[in-house]
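Chemist: Can you keep this structure in mind? I'll have questions shortly.
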Amino acid sequence: MNIKEFYAKTSGNYEEAVGRMMKDSLVQRFVLKFANDKSFAELKENLATGNTEVAFRAAHTLKGVCKNLAFTKLADTASEITEMLRAGDLASAQAYFPNVEADYNMVIAAISEID
């Protein structure tokens, strides 16, 4: 799968990403690096342990990275959980987390299919 197909498959915005990074090759390079980002793992771990403050920072970081890469669907779910955590609503964030995880897993699976 090429990078344009990746964005279509993950409900992202390829044009926005290229507009920000100016080159298809840079977009692909940063998309491939996303799999190494630790913010999702930190979010998951800190939601499980009830550490709202650290979970918020991880969610906020994940949201920012996804917005920069124009991962629209994942950025939206990360934004939702960020706002829940900003408000200190750990229970709602924990209940909502499967949505973030599903979108994250979709992106990671699609990254592994990029040529």
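Identifiers for the structure tokens are assigned positionally: chains receive A, B, ... in sequence, residues are indexed from 1 per chain, and ligands are indexed from 1 in the order shown.
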If we count only C-alpha atoms and set the cut-off at 12 Å, which residues sit around stretch 99-107 of chain A, ignoring sequence neighbours fewer than 4 positions away in its own chain? Please answer as a PyMOL selection string.

Modeler: chain A and resi 6-12+31-32+34-35+37+39-41+43-44+59+62-63+66+69-82+92-95+111-114

Chemist: Could you state the separation of atom CA of A:Met21 and atom CA of A:Ala58 in Å, given to one decimal place?

Modeler: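 A separation of 23.7 Å between them.
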
Chemist: Can you work out which one of A:Leu85, A:Ile108, A:Val18, A:Ile3 has the shortest atom-to-atom distance to A:Gly50, counting only C-alpha atoms?

Modeler: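 Ranking A:Leu85, A:Ile108, A:Val18, A:Ile3 by distance to A:Gly50, first place goes to A:Leu85.
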
Chemist: Counting only C-alpha atoms, which residue out of A:Ala109, A:Asn2, A:Glu16, A:Glu83 sits closest to A:Thr52?

Modeler: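 Closest to A:Thr52, using only C-alpha atoms: A:Glu83.
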
Chemist: Atom CA of A:Arg57 and atom CA of A:Arg29, how far apart in Å?

Modeler: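 Atom CA of A:Arg57 lies at a distance of 24.8 Å from atom CA of A:Arg29.
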
Chemist: I need the residues in chain A that are helix (DSSP H, G or I) according to DSSP; give them as a PyMOL selection string.

Modeler: chain A and resi 3-9+14-21+24-34+39-49+52-69+72-86+90-111

Chemist: So what do you get for atom CA of A:Thr61 versus atom CA of A:Glu5, distance-wise?

Modeler: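 Computing it gives 25.3 Å between the two atoms.
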
Chemist: Rank A:Ala110, A:Tyr96, A:Lys4, A:Ala87 by their smallest atom-to-atom distance to A:Glu53, using only C-alpha atoms, and report the top residue only.

Modeler: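 Of the candidates, the smallest distance to A:Glu53 is held by A:Ala87.
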
Chemist: Can you work out which one of A:Val65, A:Ala48, A:Ala55, A:Met84 has the shortest atom-to-atom distance to A:Lys33, counting only C-alpha atoms?

Modeler: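 Among the listed residues, A:Val65 lies closest to A:Lys33.
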
Chemist: In terms of the shortest atom-to-atom distance over only C-alpha atoms, which of A:Asn36, A:Arg86, A:Ala91, A:Glu45 is closest to A:His60?

Modeler: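 Smallest separation from A:His60 among the options: A:Arg86.
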